[in-house]
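Below is coords-v7.txt, which holds compact mmCIF, C-alpha atoms.
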```
# COMPACT_ATOMS: atom_id res chain seq x y z
CA MET A 1 38.02 -2.96 27.53
CA PRO A 2 38.85 -4.71 24.28
CA VAL A 3 40.26 -8.23 24.46
CA ALA A 4 43.81 -7.95 25.84
CA ASP A 5 46.57 -7.32 23.33
CA TYR A 6 49.88 -9.17 23.59
CA GLU A 7 51.55 -6.60 25.85
CA THR A 8 48.57 -6.49 28.22
CA TYR A 9 48.28 -10.29 28.33
CA CYS A 10 51.95 -10.60 29.24
CA LYS A 11 51.49 -7.96 31.95
CA MET A 12 48.53 -9.91 33.29
CA LEU A 13 50.54 -13.12 33.57
CA ASP A 14 53.61 -11.37 34.95
CA ASN A 15 51.40 -9.65 37.53
CA ALA A 16 49.97 -13.00 38.61
CA TYR A 17 53.41 -14.61 38.86
CA LYS A 18 54.87 -11.69 40.82
CA ASN A 19 51.97 -11.40 43.24
CA LYS A 20 51.23 -15.12 43.62
CA PHE A 21 47.71 -15.35 42.27
CA ALA A 22 46.18 -16.96 39.19
CA TYR A 23 43.47 -16.28 36.65
CA PRO A 24 40.54 -18.65 36.33
CA ALA A 25 40.42 -19.91 32.73
CA ILE A 26 36.79 -20.70 32.05
CA ASN A 27 35.75 -23.15 29.36
CA VAL A 28 32.70 -21.87 27.49
CA THR A 29 30.46 -23.34 24.83
CA SER A 30 28.06 -20.51 24.02
CA GLU A 31 27.41 -16.78 24.25
CA ILE A 32 25.57 -17.39 27.53
CA THR A 33 28.44 -19.18 29.25
CA ALA A 34 30.92 -16.60 27.93
CA ASN A 35 28.70 -13.87 29.37
CA ALA A 36 28.73 -15.65 32.74
CA ALA A 37 32.54 -15.54 32.78
CA LEU A 38 32.65 -11.86 31.85
CA LYS A 39 30.10 -11.04 34.55
CA ALA A 40 32.09 -12.85 37.23
CA PHE A 41 35.39 -11.22 36.26
CA ALA A 42 33.82 -7.75 36.23
CA ASP A 43 31.85 -8.18 39.46
CA LEU A 44 35.01 -9.10 41.38
CA LYS A 45 37.30 -6.71 39.47
CA SER A 46 39.46 -9.56 38.21
CA ASP A 47 41.00 -9.96 34.81
CA GLY A 48 40.47 -13.43 33.36
CA ILE A 49 40.72 -15.94 30.56
CA ILE A 50 37.90 -17.40 28.46
CA GLN A 51 38.68 -20.57 26.55
CA VAL A 52 37.13 -22.84 23.95
CA SER A 53 37.91 -26.51 23.34
CA THR A 54 37.44 -28.47 20.13
CA GLY A 55 34.23 -29.91 21.55
CA GLY A 56 33.06 -26.52 22.74
CA GLY A 57 33.62 -25.05 19.29
CA LYS A 58 31.78 -27.89 17.62
CA PHE A 59 28.80 -27.45 19.93
CA ALA A 60 28.71 -23.68 19.46
CA SER A 61 28.35 -24.05 15.69
CA GLY A 62 25.04 -25.91 16.07
CA ILE A 63 23.83 -29.46 15.53
CA ASN A 64 23.62 -29.22 11.74
CA VAL A 65 27.02 -27.60 11.26
CA GLY A 66 29.25 -29.29 13.85
CA ASP A 67 32.28 -27.23 12.82
CA MET A 68 34.71 -26.70 15.71
CA VAL A 69 36.56 -23.88 13.96
CA ALA A 70 33.41 -21.96 12.98
CA GLY A 71 32.02 -22.33 16.50
CA ALA A 72 35.25 -21.20 18.15
CA ILE A 73 35.41 -18.16 15.85
CA SER A 74 31.79 -17.32 16.66
CA ILE A 75 32.39 -17.38 20.42
CA ALA A 76 35.63 -15.39 20.08
CA GLU A 77 33.96 -12.71 17.97
CA HIS A 78 31.18 -12.44 20.55
CA VAL A 79 33.71 -11.96 23.35
CA HIS A 80 35.63 -9.35 21.35
CA ARG A 81 32.44 -7.30 21.04
CA ILE A 82 31.02 -7.75 24.52
CA ALA A 83 34.35 -7.36 26.36
CA GLU A 84 34.40 -3.74 25.21
CA LYS A 85 31.45 -3.14 27.54
CA TYR A 86 33.50 -4.12 30.60
CA ASP A 87 36.33 -2.42 32.48
CA ILE A 88 38.47 -5.53 32.96
CA ASN A 89 40.98 -7.33 30.76
CA VAL A 90 40.10 -10.68 29.22
CA ALA A 91 42.22 -13.01 27.12
CA LEU A 92 40.87 -15.60 24.67
CA HIS A 93 42.40 -19.07 24.64
CA THR A 94 41.81 -22.46 23.04
CA ASP A 95 42.09 -25.50 25.25
CA HIS A 96 43.59 -28.97 24.73
CA CYS A 97 44.18 -29.25 21.00
CA PRO A 98 45.55 -32.78 20.47
CA PRO A 99 48.14 -33.49 17.75
CA ASN A 100 45.53 -35.02 15.42
CA ALA A 101 43.51 -31.77 15.48
CA VAL A 102 46.35 -29.32 14.90
CA GLU A 103 45.67 -29.01 11.16
CA THR A 104 41.89 -28.99 11.51
CA PHE A 105 41.47 -26.77 14.58
CA MET A 106 44.55 -24.89 15.70
CA VAL A 107 46.09 -23.97 12.34
CA PRO A 108 42.83 -22.56 10.85
CA LEU A 109 42.42 -20.40 13.94
CA ILE A 110 46.01 -19.17 13.69
CA GLU A 111 45.36 -18.38 10.03
CA GLU A 112 42.30 -16.37 11.03
CA SER A 113 44.42 -14.40 13.48
CA GLU A 114 47.13 -13.84 10.86
CA LYS A 115 44.51 -12.31 8.56
CA ARG A 116 43.27 -10.04 11.33
CA VAL A 117 46.76 -8.88 12.25
CA ALA A 118 47.50 -8.13 8.60
CA GLU A 119 44.43 -5.87 8.70
CA GLY A 120 45.72 -4.05 11.77
CA LYS A 121 43.45 -5.87 14.21
CA LEU A 122 44.18 -7.99 17.27
CA PRO A 123 44.60 -11.75 16.82
CA LEU A 124 41.27 -13.55 17.19
CA PHE A 125 42.65 -15.63 20.07
CA SER A 126 45.28 -14.42 22.53
CA SER A 127 46.76 -17.88 23.07
CA HIS A 128 46.39 -21.52 22.11
CA MET A 129 47.12 -24.78 23.89
CA LEU A 130 48.83 -27.55 21.96
CA ASP A 131 48.45 -30.66 24.07
CA ALA A 132 50.96 -33.18 22.75
CA SER A 133 51.50 -34.63 26.23
CA GLY A 134 50.66 -38.11 24.95
CA LEU A 135 53.81 -38.07 22.81
CA PRO A 136 57.40 -38.60 23.98
CA ILE A 137 58.77 -35.28 25.20
CA GLU A 138 61.07 -34.83 22.20
CA GLU A 139 58.23 -35.36 19.73
CA ASN A 140 56.02 -33.09 21.82
CA MET A 141 58.50 -30.22 21.45
CA ASP A 142 59.28 -31.02 17.81
CA LEU A 143 55.61 -30.46 17.07
CA SER A 144 55.17 -27.48 19.40
CA VAL A 145 58.20 -25.34 18.50
CA PRO A 146 57.41 -24.61 14.81
CA ILE A 147 53.84 -23.68 15.71
CA PHE A 148 55.12 -21.50 18.54
CA GLU A 149 57.46 -19.71 16.14
CA ARG A 150 54.51 -18.95 13.88
CA MET A 151 52.34 -17.73 16.75
CA ALA A 152 55.06 -15.52 18.21
CA LYS A 153 55.18 -13.50 15.00
CA ILE A 154 51.60 -12.29 15.52
CA GLY A 155 51.68 -11.83 19.29
CA GLN A 156 50.13 -15.04 20.52
CA ILE A 157 51.14 -17.05 23.58
CA LEU A 158 51.49 -20.84 23.42
CA GLU A 159 50.53 -23.25 26.20
CA VAL A 160 52.04 -26.74 26.18
CA GLU A 161 51.78 -29.75 28.47
CA ALA A 162 54.17 -32.49 29.49
CA GLY A 163 52.91 -35.35 31.59
CA VAL A 164 49.26 -36.40 31.36
CA VAL A 165 46.28 -34.98 33.22
CA GLY A 166 44.18 -37.96 34.24
CA GLY A 167 40.46 -38.40 33.77
CA GLU A 168 38.56 -37.36 30.65
CA GLU A 169 37.25 -33.96 29.69
CA ASP A 170 36.12 -32.87 26.24
CA GLY A 171 38.96 -34.36 24.22
CA ALA A 172 41.67 -34.08 26.87
CA ALA A 173 44.59 -36.45 26.53
CA GLY A 174 44.19 -38.41 29.77
CA SER A 175 42.01 -41.37 30.61
CA GLU A 176 40.64 -42.97 33.73
CA ASP A 177 43.43 -45.57 33.70
CA THR A 178 46.38 -43.21 33.14
CA PRO A 179 49.42 -44.79 34.91
CA ASP A 180 50.35 -42.93 38.08
CA ASP A 181 53.90 -42.21 36.89
CA LYS A 182 52.50 -40.29 33.90
CA LEU A 183 50.53 -37.95 36.19
CA TYR A 184 53.70 -36.25 37.44
CA THR A 185 55.99 -34.18 35.22
CA THR A 186 59.66 -34.73 36.03
CA PRO A 187 62.18 -31.92 36.65
CA GLU A 188 64.16 -33.27 33.69
CA ASP A 189 61.17 -32.82 31.40
CA MET A 190 60.65 -29.31 32.70
CA VAL A 191 64.26 -28.41 31.94
CA TYR A 192 63.90 -29.84 28.45
CA VAL A 193 60.70 -27.90 27.77
CA TYR A 194 62.28 -24.67 28.98
CA LYS A 195 65.35 -25.21 26.80
CA ARG A 196 63.31 -25.84 23.65
CA LEU A 197 60.68 -23.12 24.04
CA SER A 198 63.00 -20.42 25.34
CA ALA A 199 64.96 -20.69 22.11
CA VAL A 200 62.03 -19.08 20.24
CA LYS A 201 62.96 -15.41 20.03
CA GLY A 202 60.36 -12.98 21.28
CA GLY A 203 57.93 -15.69 22.34
CA ARG A 204 56.19 -16.10 25.68
CA TYR A 205 54.57 -19.36 26.74
CA MET A 206 52.72 -21.17 29.50
CA PHE A 207 53.48 -24.68 30.70
CA ALA A 208 50.96 -27.15 32.08
CA ALA A 209 53.16 -29.38 34.18
CA THR A 210 51.22 -32.23 35.77
CA PHE A 211 51.34 -33.00 39.47
CA GLY A 212 48.64 -35.64 39.87
CA ASN A 213 45.81 -33.46 38.59
CA VAL A 214 42.77 -35.14 37.04
CA HIS A 215 39.94 -33.80 34.89
CA GLY A 216 36.40 -34.17 36.13
CA ALA A 217 34.71 -34.38 39.53
CA TYR A 218 35.79 -36.88 42.17
CA LYS A 219 35.04 -37.58 45.80
CA PRO A 220 37.48 -36.11 48.36
CA GLY A 221 40.70 -38.11 48.66
CA VAL A 222 40.58 -39.74 45.24
CA VAL A 223 42.86 -37.26 43.49
CA LYS A 224 46.40 -37.13 44.92
CA LEU A 225 47.88 -33.74 44.10
CA ASP A 226 51.56 -33.09 44.77
CA PRO A 227 52.22 -29.38 44.13
CA SER A 228 55.84 -29.81 45.25
CA ILE A 229 56.43 -31.22 41.76
CA LEU A 230 56.00 -27.67 40.47
CA LYS A 231 58.53 -26.24 42.90
CA LYS A 232 61.05 -28.91 42.01
CA GLY A 233 60.65 -28.09 38.34
CA GLN A 234 61.02 -24.34 38.87
CA ASP A 235 64.11 -24.98 41.01
CA ALA A 236 65.55 -27.24 38.31
CA ILE A 237 65.30 -24.65 35.55
CA LYS A 238 66.79 -21.96 37.79
CA ALA A 239 69.69 -24.26 38.59
CA GLU A 240 70.22 -24.94 34.87
CA PHE A 241 69.52 -21.53 33.34
CA GLY A 242 69.91 -18.96 36.14
CA ASP A 243 67.75 -17.16 38.69
CA ASP A 244 65.77 -15.29 36.02
CA ALA A 245 64.42 -18.55 34.57
CA TYR A 246 60.85 -19.49 35.47
CA PHE A 247 57.65 -20.90 34.01
CA TRP A 248 54.21 -19.38 33.83
CA LEU A 249 52.54 -22.56 35.07
CA VAL A 250 48.99 -23.80 34.38
CA PHE A 251 46.84 -25.94 36.67
CA HIS A 252 44.55 -28.28 34.71
CA GLY A 253 41.70 -30.17 36.36
CA GLY A 254 41.04 -27.41 38.89
CA SER A 255 37.40 -28.29 39.57
CA GLY A 256 36.90 -29.85 42.98
CA SER A 257 40.51 -29.38 44.11
CA GLU A 258 41.26 -28.66 47.76
CA LYS A 259 41.68 -24.95 48.47
CA ALA A 260 44.94 -25.54 50.35
CA LYS A 261 46.42 -27.38 47.36
CA ILE A 262 45.29 -24.61 45.02
CA GLU A 263 46.93 -21.97 47.22
CA GLU A 264 50.16 -23.97 47.37
CA THR A 265 50.41 -24.05 43.57
CA LEU A 266 50.16 -20.25 43.46
CA ASP A 267 53.34 -20.00 45.50
CA TYR A 268 55.15 -22.09 42.87
CA GLY A 269 54.22 -20.06 39.80
CA VAL A 270 50.74 -21.16 38.69
CA VAL A 271 49.17 -18.18 36.90
CA LYS A 272 46.23 -19.90 35.20
CA MET A 273 43.80 -22.56 36.45
CA ASN A 274 41.29 -24.23 34.17
CA VAL A 275 37.76 -24.55 35.51
CA ASP A 276 35.07 -26.44 33.60
CA THR A 277 33.35 -29.29 35.45
CA ASP A 278 32.26 -27.19 38.44
CA THR A 279 30.87 -24.43 36.24
CA GLN A 280 28.99 -26.96 34.10
CA TYR A 281 27.36 -28.32 37.24
CA ALA A 282 26.50 -24.86 38.59
CA PHE A 283 24.86 -23.88 35.30
CA THR A 284 22.85 -27.09 35.02
CA ARG A 285 21.88 -27.23 38.70
CA ALA A 286 20.18 -23.82 38.47
CA ILE A 287 18.19 -24.96 35.43
CA ALA A 288 17.21 -28.20 37.16
CA ASP A 289 16.03 -26.22 40.19
CA HIS A 290 13.88 -24.05 37.93
CA MET A 291 12.33 -27.07 36.23
CA PHE A 292 11.50 -28.87 39.46
CA LYS A 293 10.07 -25.80 41.18
CA ASN A 294 7.96 -24.73 38.20
CA TYR A 295 7.01 -28.12 36.80
CA ASP A 296 3.29 -27.37 36.45
CA GLY A 297 3.89 -24.11 34.61
CA ILE A 298 6.56 -25.48 32.28
CA LEU A 299 4.55 -28.42 30.91
CA LYS A 300 1.27 -28.30 29.05
CA VAL A 301 -0.59 -31.21 30.67
CA ASP A 302 -4.22 -32.21 31.08
CA GLY A 303 -5.36 -29.64 28.54
CA GLU A 304 -3.67 -26.72 30.30
CA VAL A 305 -1.57 -24.12 28.48
CA GLY A 306 1.36 -23.86 30.86
CA ASN A 307 2.96 -20.58 31.91
CA LYS A 308 5.19 -18.83 29.38
CA LYS A 309 6.95 -16.99 32.22
CA PHE A 310 8.39 -20.35 33.27
CA TYR A 311 9.12 -22.08 29.96
CA ASP A 312 10.63 -19.09 28.16
CA PRO A 313 14.26 -20.24 27.72
CA ARG A 314 15.51 -16.79 28.67
CA VAL A 315 14.20 -17.31 32.21
CA TYR A 316 16.04 -20.52 33.03
CA LEU A 317 19.13 -19.72 30.95
CA LYS A 318 19.45 -16.46 32.88
CA ALA A 319 19.37 -18.51 36.08
CA GLY A 320 22.08 -20.76 34.67
CA GLU A 321 24.23 -17.77 33.73
CA GLU A 322 23.88 -16.27 37.21
CA ALA A 323 24.75 -19.56 38.93
CA MET A 324 27.75 -20.15 36.69
CA ALA A 325 28.99 -16.62 37.36
CA ASN A 326 28.71 -17.24 41.10
CA ARG A 327 30.81 -20.41 40.83
CA ILE A 328 33.43 -18.53 38.82
CA LYS A 329 33.54 -15.89 41.54
CA GLU A 330 34.35 -18.64 44.02
CA ALA A 331 37.28 -19.67 41.81
CA ILE A 332 38.46 -16.06 41.55
CA ILE A 333 38.55 -15.80 45.34
CA ASP A 334 40.29 -19.17 45.72
CA LEU A 335 42.94 -18.03 43.24
CA ARG A 336 43.47 -14.70 45.05
CA ALA A 337 42.53 -12.78 41.89
CA GLU A 338 39.80 -10.61 43.37
CA ASN A 339 40.48 -6.87 42.95
CA LYS A 340 43.65 -7.61 40.98
CA SER A 341 42.66 -6.22 37.58
CA LEU A 342 45.40 -4.20 35.92
CA ASN A 343 42.78 -1.52 35.34
CA LEU A 344 42.39 -0.76 39.04
CA ALA A 345 44.16 2.33 40.32
CA GLY A 346 47.39 1.31 42.02
CA ALA A 347 47.26 -2.28 40.72
CA SER A 348 50.63 -4.00 40.60
CA ALA A 349 52.13 -5.00 37.28
```
Mind turning this structure into structure tokens?
Amino acid sequence: MPVADYETYCKMLDNAYKNKFAYPAINVTSEITANAALKAFADLKSDGIIQVSTGGGKFASGINVGDMVAGAISIAEHVHRIAEKYDINVALHTDHCPPNAVETFMVPLIEESEKRVAEGKLPLFSSHMLDASGLPIEENMDLSVPIFERMAKIGQILEVEAGVVGGEEDGAAGSEDTPDDKLYTTPEDMVYVYKRLSAVKGGRYMFAATFGNVHGAYKPGVVKLDPSILKKGQDAIKAEFGDDAYFWLVFHGGSGSEKAKIEETLDYGVVKMNVDTDTQYAFTRAIADHMFKNYDGILKVDGEVGNKKFYDPRVYLKAGEEAMANRIKEAIIDLRAENKSLNLAGASA
């Protein structure tokens, strides 16, 4: 199927909210890692989200270019073409754009989508994340709302964040020493975000409320997740705006989280969970295994010629793609998204 249009993307997220599951949102940095995500979604008959960060875009453009916009466009165009070969729905998203990169990353990509829409095509990206969580909540929304108004006109969904995800991941706002009180979004902030964003006519949005989540990989017990924060926030907006009020919530820092905590967030409205660190490890671990097991064939030592079957990059990159796809499948199962594609006969919507 082609990359999801606005109506299909909204149906995907509504389906997840209604049926208490979430889509894995997979950070990719290349055609190979994007292919791994598509393979996993298709193999388990799950729709899904592929996303690119500023760092991922910069990497994808190559060492000599280092252009985060050009790289992000390149990956997105690849997904648009290859997604047509699959019978699942996929959305394209950009991850964690900080305020200082809005004009150099997010706006050029929105402009690219505006050009495409004017030509009768789909937007290049289905949604963007503006992460102004490091700003006071009023400044966060003052920056987010005008961009959201612009995006809504061309059928794009905005993701925002209030509160800070701890740790550090590819330009994310948090840091290792983020104060504990900043790791938990308050119900008051959630009400304020709902009030500001719901005023944008015709727009749909996702909200990354923080509940102790941290980017990166940590030993068990280090990260203290409190999913009840999400329920309190959803209850607060219903109390303020009526029973029909709710957020499409996003879970950042999903890698390494306890399955029970993940499942609890699904009951409170999480429809998207970002996965990056665990898939990076899976990809690299498979390549490391290949190198260790085939050391003698990979290197030309002591006058030998090596074995091209082992040092051909396609061999070990294929292993990385397969391993990454398998880790994404694990996330799909944890998020209850298996066999939930809208394209399946009888699928709920």
Hey, what's within 9 Å of Ile88 in chain A if we count all atoms listed in the file and toss same-chain stuff fewer than 4 positions away? As a PDB file with C-alpha atoms, keeping the file's coordinate frame, please?
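Result file follows (selection-v8.pdb):
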```pdb
ATOM      1  CA  MET A   1      38.020  -2.960  27.530  1.00  0.00           C
ATOM      2  CA  PRO A   2      38.850  -4.710  24.280  1.00  0.00           C
ATOM      3  CA  LEU A  38      32.650 -11.860  31.850  1.00  0.00           C
ATOM      4  CA  PHE A  41      35.390 -11.220  36.260  1.00  0.00           C
ATOM      5  CA  ALA A  42      33.820  -7.750  36.230  1.00  0.00           C
ATOM      6  CA  LYS A  45      37.300  -6.710  39.470  1.00  0.00           C
ATOM      7  CA  SER A  46      39.460  -9.560  38.210  1.00  0.00           C
ATOM      8  CA  ASP A  47      41.000  -9.960  34.810  1.00  0.00           C
ATOM      9  CA  GLY A  48      40.470 -13.430  33.360  1.00  0.00           C
ATOM     10  CA  ALA A  83      34.350  -7.360  26.360  1.00  0.00           C
ATOM     11  CA  GLU A  84      34.400  -3.740  25.210  1.00  0.00           C
ATOM     12  CA  SER A 341      42.660  -6.220  37.580  1.00  0.00           C
ATOM     13  CA  LEU A 342      45.400  -4.200  35.920  1.00  0.00           C
ATOM     14  CA  ASN A 343      42.780  -1.520  35.340  1.00  0.00           C
ATOM     15  CA  LEU A 344      42.390  -0.760  39.040  1.00  0.00           C
TER      16      LEU A 344
END
```
Taking only residues of range 19-107 of chain A that have an atom at most 7 Å from an atom of range 258-282 of chain A, what is each one's shortest atom pair and its distance in Å to one decimal, using all atoms listed in the file, in chain and number order, as a tab-separated table?
```
residue	atom	partner	partner_atom	distance
A:Lys20	CA	A:Leu266	CA	5.2
A:Phe21	CA	A:Leu266	CA	5.6
A:Ala22	CA	A:Val271	CA	4.0
A:Tyr23	CA	A:Lys272	CA	4.8
A:Pro24	CA	A:Met273	CA	5.1
A:Ala25	CA	A:Asn274	CA	4.6
A:Ile26	CA	A:Val275	CA	5.3
A:Asn27	CA	A:Asp276	CA	5.4
```
Skip range 231-240 of chain A itself and residues of its chain fewer than 6 positions away, then list as an mmCIF file with C-alpha atoms, in the frame of the given file all residues within 10 Å of it, counting all atoms listed in the file.
```
data_model
loop_
_atom_site.group_PDB
_atom_site.id
_atom_site.type_symbol
_atom_site.label_atom_id
_atom_site.label_comp_id
_atom_site.auth_asym_id
_atom_site.auth_seq_id
_atom_site.Cartn_x
_atom_site.Cartn_y
_atom_site.Cartn_z
ATOM 1 C CA THR A 185 55.990 -34.180 35.220
ATOM 2 C CA THR A 186 59.660 -34.730 36.030
ATOM 3 C CA PRO A 187 62.180 -31.920 36.650
ATOM 4 C CA GLU A 188 64.160 -33.270 33.690
ATOM 5 C CA ASP A 189 61.170 -32.820 31.400
ATOM 6 C CA MET A 190 60.650 -29.310 32.700
ATOM 7 C CA VAL A 191 64.260 -28.410 31.940
ATOM 8 C CA TYR A 192 63.900 -29.840 28.450
ATOM 9 C CA VAL A 193 60.700 -27.900 27.770
ATOM 10 C CA TYR A 194 62.280 -24.670 28.980
ATOM 11 C CA LYS A 195 65.350 -25.210 26.800
ATOM 12 C CA ALA A 209 53.160 -29.380 34.180
ATOM 13 C CA TYR A 246 60.850 -19.490 35.470
ATOM 14 C CA PHE A 247 57.650 -20.900 34.010
ATOM 15 C CA TRP A 248 54.210 -19.380 33.830
ATOM 16 C CA LEU A 249 52.540 -22.560 35.070
ATOM 17 C CA GLU A 264 50.160 -23.970 47.370
ATOM 18 C CA THR A 265 50.410 -24.050 43.570
ATOM 19 C CA ASP A 267 53.340 -20.000 45.500
ATOM 20 C CA TYR A 268 55.150 -22.090 42.870
ATOM 21 C CA GLY A 269 54.220 -20.060 39.800
#
```
Counting all atoms listed in the file, the residue of A:Asp142, A:Phe310, A:Phe125, A:Ile147 that sits nearest Val107 in chain A =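 Among the listed residues, A:Ile147 lies closest to Val107 in chain A.
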query = Suppose you want the space between CA of Phe251 in chain A and CA of Glu111 in chain A; what is it in Å?
reply = 27.7 Å
query = Expressed in Å to a single decimal, how great is the separation between CA of Ala16 in chain A and CA of Glu330 in chain A?
reply =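 Straight-line distance from CA of Ala16 in chain A to CA of Glu330 in chain A works out to 17.5 Å.
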inquiry  = as number ranges by chain, please: the residues near Ile75 in chain A (cut-off 9 Å, all atoms listed in the file, same-chain neighbours under 2 positions excluded).
reply    = A: 28-31, 34, 52, 57, 60, 70-73, 77-80
ask   = CA of Thr210 in chain A and CA of Gly253 in chain A, how far apart in Å?
value = 9.8 Å
task = Find the residues around Glu114 in chain A up to 10 Å (only C-alpha atoms counted), leave out those fewer than 2 positions away in its own chain, and share them as JSON, numbers by chain.
result = {"A": [108, 109, 110, 111, 112, 116, 117, 118, 119, 120, 121, 122, 123, 124, 150, 151, 153, 154, 155]}
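Look at Ile287 in chain A: the protein and nucleic acid residues within 9 Å of it, using only C-alpha atoms and passing over chain neighbours fewer than 4 places away, are Ala282, Phe283, Met291, Phe292, Tyr316, Leu317, Lys318, Ala319 and Gly320 of chain A.
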Output as a compact mmCIF listing (two decimals), in the coordinates of the input: range 90-107 of chain A, completed with N, CA and C atoms.
```txt
# COMPACT_ATOMS: atom_id res chain seq x y z
N VAL A 90 40.39 -9.26 29.45
CA VAL A 90 40.10 -10.68 29.22
C VAL A 90 40.94 -11.17 28.05
N ALA A 91 41.48 -12.36 28.20
CA ALA A 91 42.22 -13.01 27.12
C ALA A 91 41.39 -14.17 26.59
N LEU A 92 41.57 -14.49 25.32
CA LEU A 92 40.87 -15.60 24.67
C LEU A 92 41.87 -16.71 24.37
N HIS A 93 41.47 -17.94 24.69
CA HIS A 93 42.40 -19.07 24.64
C HIS A 93 41.67 -20.28 24.06
N THR A 94 42.39 -21.16 23.39
CA THR A 94 41.81 -22.46 23.04
C THR A 94 42.48 -23.54 23.88
N ASP A 95 41.69 -24.52 24.25
CA ASP A 95 42.09 -25.50 25.25
C ASP A 95 42.29 -26.88 24.64
N HIS A 96 43.37 -27.55 25.03
CA HIS A 96 43.59 -28.97 24.73
C HIS A 96 43.41 -29.35 23.25
N CYS A 97 44.19 -28.77 22.39
CA CYS A 97 44.18 -29.25 21.00
C CYS A 97 45.15 -30.42 20.89
N PRO A 98 44.66 -31.63 20.60
CA PRO A 98 45.55 -32.78 20.47
C PRO A 98 46.29 -32.74 19.14
N PRO A 99 47.36 -33.50 19.00
CA PRO A 99 48.14 -33.49 17.75
C PRO A 99 47.30 -33.77 16.51
N ASN A 100 46.31 -34.67 16.62
CA ASN A 100 45.53 -35.02 15.42
C ASN A 100 44.51 -33.95 15.03
N ALA A 101 44.42 -32.87 15.83
CA ALA A 101 43.51 -31.77 15.48
C ALA A 101 44.25 -30.47 15.19
N VAL A 102 45.58 -30.54 15.15
CA VAL A 102 46.35 -29.32 14.90
C VAL A 102 45.98 -28.71 13.55
N GLU A 103 45.93 -29.53 12.51
CA GLU A 103 45.67 -29.01 11.16
C GLU A 103 44.21 -28.64 10.94
N THR A 104 43.32 -29.24 11.72
CA THR A 104 41.89 -28.99 11.51
C THR A 104 41.28 -28.01 12.50
N PHE A 105 41.99 -27.69 13.57
CA PHE A 105 41.47 -26.77 14.58
C PHE A 105 42.43 -25.62 14.84
N MET A 106 43.63 -25.94 15.27
CA MET A 106 44.55 -24.89 15.70
C MET A 106 45.07 -24.05 14.53
N VAL A 107 45.52 -24.71 13.47
CA VAL A 107 46.09 -23.97 12.34
C VAL A 107 45.05 -23.04 11.68
```
